file my_file30.cif (mmCIF, C-alpha atoms)
data_model
#
loop_
_atom_site.label_atom_id
_atom_site.label_comp_id
_atom_site.auth_asym_id
_atom_site.auth_seq_id
_atom_site.Cartn_x
_atom_site.Cartn_y
_atom_site.Cartn_z
CA MET Z 1009 25.28 37.54 34.87
CA SER Z 1010 22.45 37.93 32.46
CA VAL Z 1011 23.10 36.70 28.94
CA LEU Z 1012 20.93 39.38 27.39
CA PRO Z 1013 21.83 43.05 27.21
CA LYS Z 1014 19.54 45.08 29.52
CA SER Z 1015 18.28 47.14 26.61
CA VAL Z 1016 17.17 43.98 24.80
CA GLU Z 1017 15.41 42.71 27.91
CA LYS Z 1018 13.47 45.96 28.13
CA VAL Z 1019 12.20 45.59 24.57
CA ILE Z 1020 11.22 41.97 25.22
CA GLU Z 1021 9.35 43.12 28.32
CA ALA Z 1022 7.51 45.82 26.40
CA PHE Z 1023 6.50 43.41 23.63
CA GLY Z 1024 5.52 40.84 26.23
CA ARG Z 1025 2.80 43.17 27.49
CA LEU Z 1026 0.99 43.02 24.16
CA PRO Z 1027 -2.13 40.87 23.96
CA GLY Z 1028 -1.40 37.33 22.77
CA VAL Z 1029 2.36 37.76 22.89
CA GLY Z 1030 4.21 35.27 25.09
CA PRO Z 1031 7.85 35.52 26.20
CA LYS Z 1032 9.09 33.50 23.21
CA SER Z 1033 7.32 35.67 20.64
CA ALA Z 1034 8.42 38.81 22.47
CA SER Z 1035 12.04 37.63 22.24
CA ARG Z 1036 11.68 36.91 18.57
CA MET Z 1037 10.23 40.36 17.96
CA ALA Z 1038 13.07 42.03 19.82
CA TYR Z 1039 15.63 40.07 17.82
CA PHE Z 1040 13.88 40.96 14.62
CA PHE Z 1041 14.59 44.60 15.38
CA LEU Z 1042 18.14 43.82 16.49
CA ARG Z 1043 18.86 42.31 13.10
CA ALA Z 1044 16.86 44.78 11.05
CA PRO Z 1045 18.30 48.15 10.03
CA LYS Z 1046 17.94 50.92 12.58
CA GLU Z 1047 15.21 52.55 10.49
CA ARG Z 1048 12.79 49.70 11.17
CA ALA Z 1049 12.92 50.28 14.92
CA GLU Z 1050 12.67 54.04 14.53
CA GLU Z 1051 9.73 53.61 12.19
CA LEU Z 1052 7.69 51.67 14.75
CA ALA Z 1053 8.82 53.95 17.58
CA GLU Z 1054 7.76 57.07 15.70
CA ALA Z 1055 4.52 55.55 14.45
CA LEU Z 1056 3.53 54.59 18.00
CA VAL Z 1057 4.20 58.00 19.48
CA LYS Z 1058 2.57 59.76 16.55
CA MET Z 1059 -0.51 57.56 16.78
CA LYS Z 1060 -1.01 58.47 20.41
CA GLU Z 1061 -0.51 62.15 19.63
CA SER Z 1062 -2.63 62.46 16.50
CA THR Z 1063 -5.70 60.33 17.16
CA VAL Z 1064 -8.78 61.73 18.84
CA ARG Z 1065 -12.00 60.14 19.96
CA CYS Z 1066 -15.01 61.05 17.87
CA SER Z 1067 -17.48 62.71 20.28
CA LEU Z 1068 -20.42 61.23 18.34
CA CYS Z 1069 -19.51 57.54 17.84
CA GLN Z 1070 -16.61 57.33 20.34
CA ASN Z 1071 -14.42 55.66 17.71
CA VAL Z 1072 -10.73 56.53 17.35
CA ALA Z 1073 -10.35 58.97 14.52
CA ASP Z 1074 -8.24 61.59 12.79
CA SER Z 1075 -10.83 64.25 13.44
CA ASP Z 1076 -13.92 64.97 15.55
CA PRO Z 1077 -16.49 64.20 14.22
CA CYS Z 1078 -14.92 61.25 12.43
CA GLY Z 1079 -15.22 60.63 8.70
CA ILE Z 1080 -18.16 58.27 9.09
CA CYS Z 1081 -20.18 60.50 11.42
CA ALA Z 1082 -19.46 63.52 9.18
CA ASP Z 1083 -20.56 61.67 6.03
CA SER Z 1084 -24.00 63.09 5.23
CA SER Z 1085 -24.63 60.37 2.64
CA ARG Z 1086 -24.91 57.79 5.41
CA ASN Z 1087 -28.19 56.88 7.06
CA GLY Z 1088 -28.32 58.84 10.33
CA LEU Z 1089 -31.25 56.78 11.59
CA GLN Z 1090 -29.39 53.52 11.69
CA ILE Z 1091 -26.86 53.12 14.46
CA CYS Z 1092 -24.71 50.04 14.83
CA VAL Z 1093 -23.45 49.40 18.35
CA VAL Z 1094 -20.09 47.61 18.55
CA GLU Z 1095 -17.59 46.72 21.25
CA GLU Z 1096 -14.32 47.99 19.77
CA PRO Z 1097 -12.96 50.15 16.95
CA LEU Z 1098 -11.78 47.05 15.07
CA ASP Z 1099 -15.39 45.89 14.86
CA VAL Z 1100 -16.17 49.03 12.87
CA VAL Z 1101 -13.35 48.15 10.48
CA ALA Z 1102 -14.75 44.62 10.10
CA ILE Z 1103 -18.32 45.74 9.42
CA GLU Z 1104 -17.18 48.48 7.03
CA SER Z 1105 -15.16 45.93 5.08
CA ALA Z 1106 -18.37 43.97 4.46
CA GLY Z 1107 -19.49 47.08 2.57
CA ILE Z 1108 -23.20 46.62 3.25
CA PHE Z 1109 -23.94 48.84 6.25
CA ARG Z 1110 -24.45 52.51 5.40
CA GLY Z 1111 -25.56 53.83 8.79
CA LEU Z 1112 -23.59 55.22 11.72
CA TYR Z 1113 -21.76 53.52 14.57
CA PHE Z 1114 -21.38 53.67 18.29
CA VAL Z 1115 -18.30 52.16 19.96
CA LEU Z 1116 -18.99 51.02 23.52
CA GLY Z 1117 -15.35 50.46 24.37
CA GLY Z 1118 -15.78 46.91 25.64
CA VAL Z 1119 -18.36 44.48 26.99
CA ILE Z 1120 -20.06 43.93 30.29
CA SER Z 1121 -17.93 41.35 32.05
CA PRO Z 1122 -18.53 40.93 35.79
CA ALA Z 1123 -15.59 38.50 35.97
CA ASP Z 1124 -13.26 41.31 34.88
CA GLY Z 1125 -15.05 43.88 37.02
CA ILE Z 1126 -16.51 45.64 33.99
CA GLY Z 1127 -20.06 46.84 34.46
CA PRO Z 1128 -22.15 49.16 32.26
CA GLU Z 1129 -20.58 52.16 34.05
CA GLU Z 1130 -17.17 51.16 32.67
CA LEU Z 1131 -18.55 51.28 29.14
CA ARG Z 1132 -19.80 54.33 27.27
CA MET Z 1133 -23.48 53.70 28.04
CA ARG Z 1134 -24.16 57.26 29.21
CA GLU Z 1135 -22.62 58.63 26.01
CA PHE Z 1136 -24.71 56.14 24.03
CA ARG Z 1137 -27.91 57.25 25.72
CA ASN Z 1138 -27.08 60.90 25.06
CA ARG Z 1139 -26.22 60.12 21.45
CA LEU Z 1140 -29.60 58.44 20.94
CA LYS Z 1141 -31.40 61.41 22.54
CA ASP Z 1142 -29.53 63.80 20.23
CA ILE Z 1143 -30.43 61.74 17.18
CA ILE Z 1144 -34.07 61.63 18.22
CA SER Z 1145 -34.35 65.35 18.97
CA GLY Z 1146 -32.49 66.13 15.74
CA ALA Z 1147 -34.87 63.95 13.78
CA SER Z 1148 -37.94 65.40 15.56
CA GLU Z 1149 -36.94 68.94 14.60
CA THR Z 1150 -36.72 68.04 10.93
CA ARG Z 1151 -39.06 66.21 8.58
CA ASN Z 1152 -37.87 62.87 9.95
CA ILE Z 1153 -40.52 62.76 12.68
CA GLU Z 1154 -42.36 59.95 10.92
CA GLU Z 1155 -39.29 57.79 10.58
CA THR Z 1156 -37.82 55.05 12.75
CA LEU Z 1157 -34.44 54.82 14.42
CA GLU Z 1158 -32.87 51.38 14.17
CA VAL Z 1159 -30.27 50.29 16.69
CA VAL Z 1160 -28.28 47.33 15.29
CA VAL Z 1161 -26.52 45.58 18.15
CA ALA Z 1162 -23.32 44.04 16.80
CA THR Z 1163 -21.60 42.92 19.96
CA ASN Z 1164 -19.78 39.58 19.76
CA PRO Z 1165 -21.73 36.30 19.97
CA SER Z 1166 -20.16 35.59 23.37
CA LEU Z 1167 -21.64 35.45 26.87
CA GLU Z 1168 -20.37 38.97 27.54
CA GLY Z 1169 -21.50 40.22 24.14
CA GLU Z 1170 -25.02 38.86 24.76
CA ALA Z 1171 -25.18 40.44 28.21
CA THR Z 1172 -24.13 43.76 26.72
CA ALA Z 1173 -26.69 43.42 23.93
CA ALA Z 1174 -29.40 42.78 26.54
CA TYR Z 1175 -28.32 45.88 28.45
CA VAL Z 1176 -28.45 48.01 25.28
CA PHE Z 1177 -31.91 46.63 24.53
CA ASP Z 1178 -33.16 47.58 28.01
CA LEU Z 1179 -31.59 51.01 27.73
CA VAL Z 1180 -33.38 51.67 24.45
CA LYS Z 1181 -36.68 50.29 25.81
CA THR Z 1182 -36.52 52.67 28.78
CA LEU Z 1183 -35.60 55.61 26.57
CA ARG Z 1184 -38.43 54.85 24.15
CA LYS Z 1185 -41.09 55.10 26.87
CA GLY Z 1186 -43.25 58.17 26.51
CA LEU Z 1187 -41.48 59.15 23.32
CA ASP Z 1188 -43.30 60.02 20.14
CA PHE Z 1189 -40.56 58.28 18.18
CA GLU Z 1190 -40.19 54.72 17.10
CA ILE Z 1191 -36.91 52.92 17.93
CA THR Z 1192 -36.30 49.32 16.90
CA VAL Z 1193 -33.45 47.18 18.13
CA SER Z 1194 -31.98 44.34 16.05
CA ARG Z 1195 -29.15 41.92 16.60
CA LEU Z 1196 -26.72 40.39 14.09
CA ALA Z 1197 -27.89 36.96 12.92
CA ARG Z 1198 -26.44 33.85 14.52
CA GLY Z 1199 -25.84 30.74 12.46
CA LEU Z 1200 -23.34 28.78 10.46
CA PRO Z 1201 -20.44 30.86 9.14
CA THR Z 1202 -19.69 30.71 5.41
CA GLY Z 1203 -17.50 27.73 4.55
CA ALA Z 1204 -18.25 25.97 7.82
CA ASP Z 1205 -18.55 22.23 8.03
CA LEU Z 1206 -21.87 21.25 9.60
CA GLU Z 1207 -20.23 18.14 10.98
CA TYR Z 1208 -17.82 20.19 13.04
CA ALA Z 1209 -20.17 22.98 14.08
CA ASP Z 1210 -20.62 23.36 17.84
CA ARG Z 1211 -24.00 22.72 19.46
CA THR Z 1212 -24.78 26.36 20.21
CA THR Z 1213 -24.08 27.41 16.64
CA LEU Z 1214 -26.29 24.62 15.30
CA LYS Z 1215 -29.03 25.50 17.76
CA LYS Z 1216 -28.94 29.15 16.66
CA ALA Z 1217 -28.81 28.13 13.00
CA LEU Z 1218 -31.92 25.99 13.43
CA GLU Z 1219 -33.82 28.57 15.48
CA GLY Z 1220 -33.01 31.26 12.97
CA ARG Z 1221 -33.69 29.17 9.87
CA THR Z 1222 -35.04 31.20 6.96
CA LYS Z 1223 -37.60 30.30 4.30
CA MET Z 1224 -36.12 29.39 0.92
CA MET K 171 -12.48 56.93 2.65
CA SER K 172 -10.49 54.75 4.97
CA VAL K 173 -12.12 53.84 8.25
CA LEU K 174 -8.84 53.83 10.14
CA PRO K 175 -6.84 56.93 10.97
CA LYS K 176 -3.62 56.99 8.90
CA SER K 177 -1.49 57.02 12.02
CA VAL K 178 -3.14 53.81 13.24
CA GLU K 179 -2.61 52.16 9.87
CA LYS K 180 1.08 52.99 10.06
CA VAL K 181 1.42 51.28 13.42
CA ILE K 182 -0.47 48.22 12.14
CA GLU K 183 1.87 48.12 9.15
CA ALA K 184 4.96 48.31 11.36
CA PHE K 185 3.71 45.54 13.65
CA GLY K 186 2.71 43.47 10.62
CA ARG K 187 6.36 43.29 9.55
CA LEU K 188 7.24 41.37 12.70
CA PRO K 189 7.85 37.63 12.36
CA GLY K 190 4.72 35.60 13.04
CA VAL K 191 2.44 38.63 13.23
CA GLY K 192 -0.46 38.61 10.77
CA PRO K 193 -2.71 41.57 9.95
CA LYS K 194 -5.22 40.63 12.66
CA SER K 195 -2.62 40.44 15.43
CA ALA K 196 -1.00 43.64 14.19
CA SER K 197 -4.36 45.41 14.44
CA ARG K 198 -4.90 44.10 17.94
CA MET K 199 -1.47 45.30 18.99
CA ALA K 200 -2.08 48.77 17.58
CA TYR K 201 -5.41 48.97 19.40
CA PHE K 202 -3.79 47.81 22.60
CA PHE K 203 -1.61 50.92 22.46
CA LEU K 204 -4.54 53.11 21.46
CA ARG K 205 -6.37 52.09 24.61
CA ALA K 206 -3.35 51.99 26.90
CA PRO K 207 -1.98 55.14 28.54
CA LYS K 208 0.46 57.15 26.45
CA GLU K 209 3.36 55.94 28.59
CA ARG K 210 3.02 52.38 27.31
CA ALA K 211 3.60 53.44 23.71
CA GLU K 212 6.45 55.74 24.69
CA GLU K 213 8.02 52.97 26.73
CA LEU K 214 8.21 50.59 23.77
CA ALA K 215 9.27 53.39 21.41
CA GLU K 216 12.12 54.43 23.68
CA ALA K 217 13.20 50.88 24.44
CA LEU K 218 13.40 50.09 20.73
CA VAL K 219 15.51 53.10 19.84
CA LYS K 220 17.72 52.66 22.89
CA MET K 221 18.28 49.00 22.10
CA LYS K 222 19.49 49.83 18.61
CA GLU K 223 21.74 52.54 19.98
CA SER K 224 23.23 50.72 22.93
CA THR K 225 23.84 47.19 21.70
CA VAL K 226 27.04 46.20 19.97
CA ARG K 227 28.14 43.00 18.34
CA CYS K 228 30.78 41.11 20.27
CA SER K 229 33.78 40.86 17.93
CA LEU K 230 34.65 37.44 19.35
CA CYS K 231 31.37 35.52 19.36
CA GLN K 232 29.30 37.87 17.14
CA ASN K 233 26.49 37.88 19.68
CA VAL K 234 24.55 41.04 20.50
CA ALA K 235 25.91 42.49 23.69
CA ASP K 236 26.26 45.48 25.97
CA SER K 237 30.02 45.54 25.48
CA ASP K 238 32.74 44.16 23.23
CA PRO K 239 33.90 41.58 24.19
CA CYS K 240 30.61 40.40 25.66
CA GLY K 241 30.20 39.17 29.22
CA ILE K 242 30.54 35.52 28.23
CA CYS K 243 33.66 35.98 26.09
CA ALA K 244 35.23 38.15 28.80
CA ASP K 245 34.50 35.59 31.53
CA SER K 246 37.88 33.98 32.24
CA SER K 247 36.24 31.24 34.32
CA ARG K 248 34.70 29.76 31.17
CA ASN K 249 36.40 27.08 29.11
CA GLY K 250 38.02 28.86 26.17
CA LEU K 251 38.66 25.58 24.36
CA GLN K 252 35.03 24.72 23.94
CA ILE K 253 33.11 26.72 21.40
CA CYS K 254 29.43 26.23 20.76
CA VAL K 255 28.24 27.28 17.29
CA VAL K 256 24.64 28.49 17.15
CA GLU K 257 22.40 30.12 14.58
CA GLU K 258 21.00 33.06 16.51
CA PRO K 259 21.45 35.05 19.73
CA LEU K 260 18.32 33.47 21.22
CA ASP K 261 19.99 30.07 20.94
CA VAL K 262 22.70 31.31 23.30
CA VAL K 263 20.00 32.32 25.77
CA ALA K 264 18.40 28.87 25.49
CA ILE K 265 21.66 26.97 26.02
CA GLU K 266 22.73 29.23 28.87
CA SER K 267 19.40 28.63 30.58
CA ALA K 268 20.17 24.90 30.63
CA GLY K 269 23.11 25.87 32.85
CA ILE K 270 25.36 23.04 31.77
CA PHE K 271 27.63 24.51 29.10
CA ARG K 272 30.57 26.52 30.43
CA GLY K 273 32.47 27.18 27.21
CA LEU K 274 32.23 30.02 24.69
CA TYR K 275 29.87 30.64 21.79
CA PHE K 276 29.89 31.65 18.19
CA VAL K 277 26.74 33.09 16.59
CA LEU K 278 26.57 32.42 12.84
CA GLY K 279 23.69 34.77 12.24
CA GLY K 280 21.49 32.27 10.43
CA VAL K 281 21.60 29.01 8.51
CA ILE K 282 22.51 27.96 5.03
CA SER K 283 19.27 28.01 3.10
CA PRO K 284 19.53 27.91 -0.69
CA ALA K 285 15.77 28.39 -0.98
CA ASP K 286 16.11 31.78 0.71
CA GLY K 287 19.28 32.62 -1.17
CA ILE K 288 21.43 32.27 1.95
CA GLY K 289 24.80 30.64 1.33
CA PRO K 290 27.79 30.35 3.67
CA GLU K 291 28.95 33.80 2.50
CA GLU K 292 25.81 35.34 3.99
CA LEU K 293 26.69 33.85 7.38
CA ARG K 294 29.68 34.71 9.56
CA MET K 295 31.79 31.78 8.39
CA ARG K 296 34.88 33.91 7.70
CA GLU K 297 34.66 35.40 11.20
CA PHE K 298 34.21 31.89 12.59
CA ARG K 299 37.31 30.64 10.80
CA ASN K 300 39.34 33.61 12.08
CA ARG K 301 38.01 33.08 15.59
CA LEU K 302 39.13 29.45 15.55
CA LYS K 303 42.56 30.46 14.25
CA ASP K 304 42.89 33.02 17.05
CA ILE K 305 41.88 30.48 19.67
CA ILE K 306 44.40 27.98 18.28
CA SER K 307 47.29 30.44 18.09
CA GLY K 308 46.40 31.77 21.55
CA ALA K 309 46.40 28.26 22.94
CA SER K 310 49.63 27.37 21.15
CA GLU K 311 51.40 30.31 22.74
CA THR K 312 50.41 29.23 26.23
CA ARG K 313 50.59 25.94 28.06
CA ASN K 314 47.47 24.73 26.28
CA ILE K 315 49.37 23.27 23.35
CA GLU K 316 48.56 19.75 24.49
CA GLU K 317 44.88 20.38 24.79
CA THR K 318 42.00 19.90 22.37
CA LEU K 319 39.59 22.45 21.00
CA GLU K 320 36.02 21.19 20.88
CA VAL K 321 33.54 22.71 18.47
CA VAL K 322 29.98 21.90 19.58
CA VAL K 323 27.63 22.45 16.66
CA ALA K 324 24.24 23.47 18.04
CA THR K 325 22.36 24.46 14.92
CA ASN K 326 18.70 23.45 14.78
CA PRO K 327 17.72 19.86 13.92
CA SER K 328 16.27 21.06 10.61
CA LEU K 329 17.36 20.49 7.02
CA GLU K 330 19.04 23.90 6.97
CA GLY K 331 20.57 23.36 10.40
CA GLU K 332 22.06 20.05 9.29
CA ALA K 333 23.46 21.59 6.10
CA THR K 334 25.04 24.35 8.15
CA ALA K 335 26.47 21.83 10.62
CA ALA K 336 28.01 19.88 7.72
CA TYR K 337 29.55 23.09 6.40
CA VAL K 338 31.02 23.91 9.81
CA PHE K 339 32.40 20.38 10.04
CA ASP K 340 34.13 20.71 6.66
CA LEU K 341 35.47 24.12 7.57
CA VAL K 342 37.05 22.75 10.74
CA LYS K 343 38.40 19.69 8.92
CA THR K 344 40.13 21.91 6.34
CA LEU K 345 41.49 24.21 9.05
CA ARG K 346 42.81 21.26 11.06
CA LYS K 347 44.97 20.00 8.18
CA GLY K 348 48.67 20.51 8.78
CA LEU K 349 47.97 21.89 12.26
CA ASP K 350 49.69 20.64 15.35
CA PHE K 351 46.46 21.07 17.27
CA GLU K 352 43.59 18.73 17.82
CA ILE K 353 40.09 19.98 17.04
CA THR K 354 37.04 17.80 17.56
CA VAL K 355 33.58 18.58 16.30
CA SER K 356 30.44 17.38 18.05
CA ARG K 357 26.75 17.85 17.40
CA LEU K 358 23.86 18.10 19.87
CA ALA K 359 22.20 14.74 20.41
CA ARG K 360 19.03 13.92 18.52
CA GLY K 361 16.31 11.87 20.14
CA LEU K 362 13.06 11.97 22.06
CA PRO K 363 12.47 15.21 23.92
CA THR K 364 11.71 15.01 27.64
CA GLY K 365 8.02 14.39 28.26
CA ALA K 366 7.42 13.16 24.73
CA ASP K 367 4.97 10.41 23.98
CA LEU K 368 6.66 7.68 21.96
CA GLU K 369 3.34 6.91 20.32
CA TYR K 370 3.19 10.38 18.81
CA ALA K 371 6.86 10.84 17.97
CA ASP K 372 7.59 11.41 14.27
CA ARG K 373 9.56 8.85 12.26
CA THR K 374 12.73 10.92 11.98
CA THR K 375 12.88 11.53 15.72
CA LEU K 376 12.36 7.83 16.43
CA LYS K 377 15.00 6.90 13.86
CA LYS K 378 17.49 9.29 15.48
CA ALA K 379 16.54 8.09 18.96
CA LEU K 380 17.22 4.47 17.93
CA GLU K 381 20.45 5.26 16.12
CA GLY K 382 21.72 7.27 19.05
CA ARG K 383 20.60 4.82 21.75
CA THR K 384 22.89 4.76 24.76
CA LYS K 385 23.94 1.87 27.02
CA MET K 386 22.16 1.75 30.36
#

call {"tool": "encode", "arguments": {"input": "my_file30.cif", "output": "structure tokens"}}
result
Amino acid sequence: MSVLPKSVEKVIEAFGRLPGVGPKSASRMAYFFLRAPKERAEELAEALVKMKESTVRCSLCQNVADSDPCGICADSSRNGLQICVVEEPLDVVAIESAGIFRGLYFVLGGVISPADGIGPEELRMREFRNRLKDIISGASETRNIEETLEVVVATNPSLEGEATAAYVFDLVKTLRKGLDFEITVSRLARGLPTGADLEYADRTTLKKALEGRTKM
Amino acid sequence: MSVLPKSVEKVIEAFGRLPGVGPKSASRMAYFFLRAPKERAEELAEALVKMKESTVRCSLCQNVADSDPCGICADSSRNGLQICVVEEPLDVVAIESAGIFRGLYFVLGGVISPADGIGPEELRMREFRNRLKDIISGASETRNIEETLEVVVATNPSLEGEATAAYVFDLVKTLRKGLDFEITVSRLARGLPTGADLEYADRTTLKKALEGRTKM
């Protein structure tokens, strides 16, 4: 005989599938809803279903959005010749919260990770290539012909993120060939994070911080 | 303009209310469902609503259950004169998984915690008292009059757990007065957990382990 009601076990199972949620946390979450008023459970249930129903993918930046094109891509006050390439939608949220980038985004939908069987084909590289072509032809038609398109690669500073950044760089290099349009590619700076303790910094971070040292 | 679709923010909010889930984890959970097929979100949504609809509280032990009385309370092979008092339903699961206790349970629904404004009135102390009375009168009516009721207090080894255990002890002591029925109260042993390293054990644990030392 199982101690737990079947319906509780099902909720624990469903929570247990979430990233970073072990069986203990999943149990605690289920019991939170058991103790909470019915409305709490209904709230999450409705929000989940509604989220899946109401979100679309922006056809320009591939980010999840309320509308297509999304608010950022539709914002004409943003710099359309700066495109920041990120792994996931949450990266857009993070960069936006810094409040310094005023260009557009492109969400790849992951990173190249041979260990997980994820190659460039599994990411939105084709869509990215097409997006760049559209930007270039759009700019060529208007007065922007003299300007430069900057691709800011903001993948994570991990092995997979670096591999993906290298792939994006190659993609842009190939695209640029024979084009009458300048495209530069940049990468987020590596170094010591704010508030870090030099004493506890790892070797790679220190190496990058030294290599990338700036004049005072 | 918010970067996140409203519907996504709502899901993040709902996950953020869960115990031990910060804003970052809540965001990751929401994005897990954004990326996963629709069925995953529906699965959790349905399981949550169904759980709230289909579970009842056992009127005997106050545990969440499929039926009233619950499977444990209805199991006549269990020792009805041993009652283990726990804080929460998950504690029943933990003790049952040890597979050694064959008595009944009583779920208090929390611990006495003045800091959180939780006194004995906020717990199921009245129900506990009535449960004990019922057990005693039931036993008195049958052949069990000569037997002893054992209350095993299994609240957590925390300040609040100890305060609650003391309250339970007093409650039983008061109830026992003038009764022709023996009730003993025991408490789970304190000491070194299996696999612990004596060198790293905290002072309180070591103190309890010494005080509770057993003859070899």

call {"tool": "residues_around", "arguments": {"input": "my_file30.cif", "residues": "region 1027-1029 of chain Z", "least_positions_apart": "6", "cutoff": "8 Å", "atoms": "only C-alpha atoms", "output": "list in words"}}
result
Arg198, Met199 and Phe202 of chain K

call {"tool": "interface_residues", "arguments": {"input": "my_file30.cif", "of": "chain Z", "to": "chain K", "cutoff": "8 Å", "atoms": "all atoms listed in the file", "output": "PyMOL selection string"}}
result
chain Z and resi 1009+1011-1016+1018-1019+1022-1023+1026-1027+1035-1037+1039-1042+1046+1048-1060+1062-1063+1072-1074+1079-1080+1098+1100-1101+1104

call {"tool": "residues_around", "arguments": {"input": "my_file30.cif", "residues": "Arg301 (chain K)", "least_positions_apart": "4", "cutoff": "9 Å", "atoms": "only C-alpha atoms", "output": "list in words"}}
result
Leu230, Cys231, Phe276, Arg296, Glu297, Ile305 and Ile306 of chain K

call {"tool": "calpha_fit_rmsd", "arguments": {"input": "my_file30.cif", "fixed": "chain Z", "moving": "chain K"}}
result
0.2 Å

call {"tool": "residues_around", "arguments": {"input": "my_file30.cif", "residues": "Ala1147 (chain Z)", "least_positions_apart": "5", "cutoff": "12 Å", "atoms": "only C-alpha atoms", "output": "MDAnalysis selection string"}}
result
chainID Z and resid 1087:1090 1140:1142 1152:1157 1188:1191

call {"tool": "atom_distance", "arguments": {"input": "my_file30.cif", "atom1": "CA of Ala366 (chain K)", "atom2": "CA of Glu381 (chain K)"}}
result
17.5 Å

call {"tool": "resolve_selection", "arguments": {"input": "my_file30.cif", "expression": "the PyMOL selection byres ((chain K and resi 275) around 8)", "output": "list of chain:residue names"}}
result
K:Cys231, K:Cys243, K:Ile253, K:Cys254, K:Val255, K:Val256, K:Val262, K:Gly273, K:Leu274, K:Phe276, K:Val277

call {"tool": "atom_distance", "arguments": {"input": "my_file30.cif", "atom1": "CA of Ile282 (chain K)", "atom2": "CA of Leu329 (chain K)"}}
result
9.3 Å

call {"tool": "atom_distance", "arguments": {"input": "my_file30.cif", "atom1": "CA of Gly365 (chain K)", "atom2": "CA of Lys385 (chain K)"}}
result
20.3 Å

call {"tool": "residues_near_point", "arguments": {"input": "my_file30.cif", "point": "(31.6, 25.4, 11.1)", "cutoff": "8 Å", "atoms": "all atoms listed in the file", "output": "list in words"}}
result
Val255, Met295, Phe298, Arg299, Val323, Thr334, Ala335, Ala336, Tyr337, Val338, Phe339, Asp340, Leu341 and Val342 of chain K

call {"tool": "axis_aligned_box", "arguments": {"input": "my_file30.cif", "around": "region 353-358 of chain K", "padding_each_side": "4 Å", "output": "AutoDock Vina command-line options"}}
result
--center_x 32.0 --center_y 18.7 --center_z 18.1 --size_x 24.2 --size_y 10.6 --size_z 11.6

call {"tool": "closest_residue", "arguments": {"input": "my_file30.cif", "among": "Z:Ser1067, Z:Asp1210, Z:Arg1198, Z:Pro1031", "to": "Thr1222 (chain Z)", "atoms": "all atoms listed in the file"}}
result
Z:Arg1198

call {"tool": "resolve_selection", "arguments": {"input": "my_file30.cif", "expression": "the PyMOL selection byres ((chain Z and resi 1168) around 12)", "output": "PyMOL selection string"}}
result
chain Z and resi 1095+1118-1128+1163-1167+1169-1175

call {"tool": "closest_residue", "arguments": {"input": "my_file30.cif", "among": "K:Asn300, K:Leu358, K:Glu291, K:Asp238", "to": "Phe271 (chain K)", "atoms": "all atoms listed in the file"}}
result
K:Leu358
